[in-house]
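Report on one structure; see the data block that follows.
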Amino acid sequence: MERPLTQYIHPGCPPFDLREYEMTGGYSALRKALGSMSPEEVQRLVQESGLKGRGGAGFNTGMKWSFVPMGENAPHPKYLVANADEMEPGTFKDRLLLEGNPHQLIEGMILAAYAIQADISYIFLRWAYKKAAQLLRKSIHEAYAAGLLGKNILGSGFSLEMHLHTGVGRYMCGEETALLNALEGKRATPRAKPPFPQISGLYGKPTIVNNVETLCNLPHIVNNGAAWFKSLGNGSADSGTKLYGVSGKVNNPGCWELPMGVTVRELIEEHAGGMKNGYQLKGFLPGGASTDFMTIEHLDVKMDFASVAAAGSRLGTGTMVVMDDATCPVGFVHNLQHFFAQESCGWCTPCREGLPWVEKMLLSLEHGTGTMEDVELLQMHTQWLGPGNTFCALAPGAMEPLQSALKYFKEDFERHVTMHRCPYHNGG
Amino acid sequence: MSTIFIDNKQYEVKAGKNLLEACLGVGIDLPYFCWHPALGSVGACRQCAVKVFRDENDTQGRLVMSCMEGIRDGLHLSVNDKTAKAFRSQVIEWLMTNHPHDCPVCDEGGSCHLQDMTVMTGHDYRRYHFKKRTYTNQYLGPFIHHEMNRCIQCYRCVRYYHEYAGGKDLNVFAAHNHVYFGRERDGVLESPFSGNLVEVCPTGVFTDKTLREHYTRKWDLTTAPSVCHHCAVGCNTIAGERYGQLRCITNRYNSQVNGYFLCDRGRFGYEFVNSENRITQPIIRNQAVEAVDETSLLEHLRTLLTNHTVIGIGSPRASMESNIALMQLVGRENFYQGISDNEVFVERRIEEVMQSGVIKAASLQDIQHSDAIVILGEDIWNTAPVMALAVRQGVMKTAAQHALENRAIAEWHDAAVKEIVQQEKGFLANCTIGASPLDEISSSIIHKAPEDLARLGFAIAQRLNTVLPAVQLNDEMSTQAAIIAAALQKAKRPVIISGAGLYNEALIRAAFDIAAACKATATEVHLAYVMPECNSMGLAMMQASGFENAVLRASRAKNVAAIVLENDLYRNMPAQITDVFFNNCQHCIVLDSLNNATTQHADVLIPAASFAEGDGTLVNYEGRAQRFYQVFVPANKNMQESWKWLMKMRLIQSGAAIDKPCHPEEVLMMGEQLLPQLKGISTAAPRRDFRVNGQALPREPHRYSGRTAMLANLAVSEPKPKQDGDSPFTFTMEGYSGMPPSPLIPFFWSPGWNSIQAVNKYQEEPGGSLKNEHAGKLLFEYKRDATPVYFKDIPEAFVVRTDKWLLLPQYEIFGSEELSVYSKGISERSPAAYIAMSALDADQMSLVNGSLITVKIFEQLYELPVRIHANIPKGVVLMPSGLPGVPAMAWNSWVQIISIKL
């Protein structure tokens with residue numbers, strides 16, 4: 001089983017420096033692309049490989065790039081931004097790549113920048129990833145010193161500047177347009193699309209924002225080709241490998257690089273070692289806090305974009321949060337809604353005012369003071385805070401676990417009302 | 001035009017707009033908060049949701065925010081769709097979760113956009129039963145009251161304050177449902193346009209603090225259309241009264257002049273009307289009982305006027321009617337402008353240039369739509385603030401238009417436009433003496449002495465038209481001239497702005513030469529000369545000589561009785577000269593509304609009505625004659641418009657009886673006969689007998705309350721309504737209840753629209769002109785084919801003197817204008833006297849900010865603290881003009897620095 005992204009990552013050991021990275025084939029993809037491929041060829045290759053964005057939306061990466069204006073008359077500077085603001089609750093996959101092999105990301109970024117002919121690149125890093133910041137700073141410095149960044153990279157005539165930017169800890173900055181606003185020093189509120197960042201992004205110039213994992217795939221695709229990348233998928237419609245994670249009351253929580261389309265059962269039972277003794281699986285969020293619950297009936301669903309969607313949820317970041325039978329679903333969802341309400345940027349009404357209301361109703365239910373009307377109002381919010389009604393995807397994302405909890409665990413909500421307390425507490 | 005279908009009904013709408021604008025434009029009520037016609041769309045509040053359908057067969061549709069969706073030909077949308085309506089009502093419910101519901105004690109109540117929109121959506125029942133979040137409010141200065149709990153987070157305040165007005169100190173803080181709109185810490189809002197927050201805020205977060213001190217609901221105000229008296233721009237306002245007290249000023253939308261916004265001097269400067277310093281009683285001095293009634297006054301005047309040579313001193317802040325009545329009374333040859341000869345000289349030149357009709361006068365709308373602006377010498381931020389706001393819009397809009405070329409982004413998509421524009425600016429050259437907040441949006445910033453600015457102007461003109469004589473400039477200035485000329489050459493709609501502020505006539509000529517030279521390449525060239533006071537242009541058009549001539553006259557002729565009209569001569573002239581005048585006049589009759597240094601010299605003092613108590617016409621800087629209407633009849637019958645007093649005096653003088661009242665139009669028609677250049681001024685507003693369906697127009701809204709009870713403490717029977725023979729208005733709520741024509745709008749109201757946002761209903765399209773807009777009468781006729789005659793007459797360059805400094809005026813938006821400083825807030829914002837000079841000069845004398853220096857100006861000594869500015873040219877000192885208690889200076893004279901206290 002090939003693990004291109006993590007083969008040289010050994011938890012507990014320091015990551016490769018530039019020399020070690022190059023000794024294991026690092027920057028060969030960059031040399032190949034700069035030496036023998038045109039930007040359009042790189043774009044086409046990536047598009048053909050079927051690489052989809054690993055940040056959660058699952059949009060074809062090469063396709064995303066193709067909207068960037070190219071050629072003589074294209075506006076400059078163009079920007080490439082690595083979205084390393086990993087803040088989705090339950091998600092820690094990018095951290096593994098950032099801390100485990102920073103040069104892999106840098107090489108991926110230079111490739112992406114070359115493909116769109118970007119002039120300046122930024123890594124927008126979550127503030128809490130202090131170790132990653134340190135490693136990235138060192139690696140960027142090494143890359144500059146070796147002529148892999150800066151003017152005229154490897155004599156190819158292509159130039160790229162790279163900057164590390166650490167955020168201040170707003171979930172909102174994971175949204176690409178809010179990230180751009182934050183990078184410009186503005187409030188981290190999202191922007192209306194259109195215009196899309198490919199046309200008017202950072203400082204109004206063409207910009208691509210890609211997830212860390214997405215970018216890390218690029219050197220391997222360039223080195224090994226589209227067919228190879230497609231073949232990595234485990235008979236899935238999606239190409240490549242994926243970093244999957246499992247957290248919750250399992251025996252072996254963690255993060256693994258596996259072929260796209262591994263089943264939920266394999267992930268939980270084989271890799272995560274099954275549920276801890278005394279706990280039953282009640283449900284799980286397949287791809288982070290903003291995805292719909294799935295339940296035991298979905299154990300054989302393949303963890304790829306289409307299969308999870310067909311099961312009524314989203315692959316999201318591919319990092320699963322497992323809920324066991326001893327955890328109150330209302331309390332679980334309240335915890336999530338507390339997070340989302342707090343992370344709302346405050347720009348649009350439904351999200352700013354709706355989420356705190358939802359949070360309060362859930363808390364009230366959890367305290368035993370909720371009513372059936374609250375449950376109805378929660379249901380109402382899941383509809384009104386849907387896509388299109390709010391300015392960005394934050395509130396619709398927040399509603400995904402709530403709406404599916406109301407679907408699968410409605411009884412638990414109702415018992416909170418009828419028992420006037422949380423049935424999971426006090427020996428309930 | 002595009003065809004769209006709203007709820008299956010076909011409409012023709014203007015392409016390039018958004019769906020919200022389309023719906024409002026065809027008269028459909030669609031609620032909104034974050035959108036504003038002057039600010040564009042950002043899609044934050046989600047209030048204006050409608051359903052949009054793929055085609056006529058689509059029954060599902062999808063919810064979209066109408067402000068964020070452009071018009072497409074053939075588009076089907078529904079405003080009445082059940083889901084759309086339910087969502088809009090839900091948005092209100094969300095906004096209301098934390099709103100305090102304190103309408104009964106909220107200043108916005110009754111004119112609140114949030115109230116209107118709540119009713120419009122039908123939301124009435126509250127399901128949120130948790131605690132509301134609360135905020136701490138801030139002290140924001142004397143004008144604005146802050147009550148953050150009422151905030152619905154529409155973001156309009158910060159968008160207006162930052163982006164539209166260029167302010168810095170109002171911000172949005174924190175996130176999620178804790179977002180806070182205020183300052184970093186308590187303190188006075190710095191922008192001189194902060195008052196517009198009151199109207200921009202859809203609810204009661206930012207309210208008028210001055211109104212709060214004598215609060216009245218909008219529906220209880222007696223209001224009339226008015227024109228701001230605090231500078232020469234002539235912004236249209238609505239003035240409101242109750243219980244004989246002027247309560248507030250609000251904006252009166254007008255697409256040509258002020259649009260949606262006023263400056264704080266205009267909005268909050270009204271309190272002089274309520275001042276304790278008002279003159280309330282006719283007074284004949286030097287007799288046993290000085291206070292007299294009208295009959296004895298007129299009797300006394302009869303002798304005075306018939307036994308003396310009567311001369312009249314006009315006023316740049318009195319109405320045309322009053323100035324004309326005075327000229328008519330004393331005769332044209334005996335009428336003098338109550339301003340210095342220096343000022344007359346400059347203003348005469350301005351009037352002559354405008355009268356020539358070679359260049360069109362620039363309205364504020366023209367300035368907003370211009371693509372290159374050159375300001376030559378005038379500190380418009382302080383002398384014509386709303387013009388500065390218009391200049392800012394011109395600069396921003398040009399940048400936006402430039403950025404949007406070949407892009408599929410609509411102009412109304414504010415956030416996207418701003419993102420693309422970034423720091424780009426349209427062309428603005430700010431060539432003034434000292435620094436101005438306009439510098440930060442200027443492409444060329446030049447701070448030089450007046451002569452050098454004029455030379456720069458001539459050099460620019462010469463580069464545009466090489467036939468003109470060359471000007472020798474140093475390299476730096478020569479480069480600047482080339483840059484500015486290049487920008488003007490590219491411009492299609494350039495505007496040149498100058499003014500009388502520096503009393504420098506060469507600047508006027510230079511500005512004209514630039515404008516004339518632009519005609520070769522531009523499609524439309526506009527020229528604006530800022531005048532010192534609200535009716536300076538009107539007075540200048542009367543073409544009388546200046547005050548020094550009156551002084552000469554009084555000293556030569558014996559037996560002179562002077563009538564001084566609404567003019568504190570001590571503000572315009574050094575006291576020595578004014579004293580000579582009063583010493584030589586045998587009698588002095590002064591008409592004014594407030595006591596001042598000049599009224600102290602009156603033998604006969606006559607109380608004049610303020611703008612709120614009388615009718616009149618002002619001519620603004622562009623020669624636009626606009627009528628302001630009496631708001632209320634003062635309880636004190638002695639307060640009459642000066643022109644009424646003067647017309648009575650005329651009858652007395654000729655021995656006739658005062659039998660029939662005289663009206664503004666008659667006075668204006670007299671003016672037209674007397675002075676042909678005023679032709680058309682009597683048509684500036686509809687005639688006094690104008691009626692709609694036979695009905696006069698009410699000054700009071702139909703919900704006006706207390707009419708039978710207000711004066712019950714004095715008499716239980718309802719008093720007979722006051723009659724108004726001078727205008728088409730009644731002083732009551734009776735009369736035509738529909739929409740009056742544009743110069744006669746006493747208040748904006750439409751069913752369901754109680755707030756100022758009702759202005760939508762009065763416009764042809766959102767943000768467009770008013771229906772049947774009649775924006776006054778332009779007295780200068782533009783002659784398309786007139787051949788420009790260049791002045792060419794270039795002044796010598798400014799030479800720095802070794803121990804003397806050229807004294808120039810620094811205008812202060814708060815403090816330099818005479819009447820507004822009677823408002824508590826304005827006077828609080830007004831600075832203490834100072835002397836400003838160049839850092840280079842200060843360094844030489846080792847002066848620091850605040851050092852006290854004594855200067856000698858015409859044998860008078862003044863000790864003042866120093867303000868050091870890097871931008872002031874060497875050899876020049878500036879002193880604030882017109883501050884209360886600071887005497888009039890001899891501007892453009894040379895002053896000596898006598899001593900220094902470090």
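Please note that chains go A, B, ... in the order of the structure tokens, that every chain numbers its residues from 1, and that ligands are numbered from 1 in the order shown.
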- Query: chain A residues within 10 Å of chain B, counting only C-alpha atoms: which ones, as a PyMOL selection string?
  - Reply: chain A and resi 170+181+187-189+191-196+199-205+340-357+360-361+364+373-374+377+381+384+387-391
- Query: In range 228-297 of chain A, what's alpha helix (DSSP H) per DSSP? Answer as number ranges by chain?
  - Reply: A: 228-232, 264-265
- Spatial neighbours of Asn760 in chain B, 8 Å, only C-alpha atoms, chain gap at least 4 places, as a list of chain:residue names: B:Leu24, B:Gly25, B:Glu765, B:Pro766, B:Gly767
- Which distance in Å separates CA of Lys78 in chain A and CA of Asp119 in chain A, to one decimal?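 If I compute the distance from CA of Lys78 in chain A to CA of Asp119 in chain A, I get 5.5 Å.
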- Query: Could you pull out the strand (DSSP E or B) residues of range 101-275 of chain B from DSSP and send them as a PyMOL selection string?
  - Reply: chain B and resi 144-146+171-173+180-182+206-208+222-227+236-242+245-251
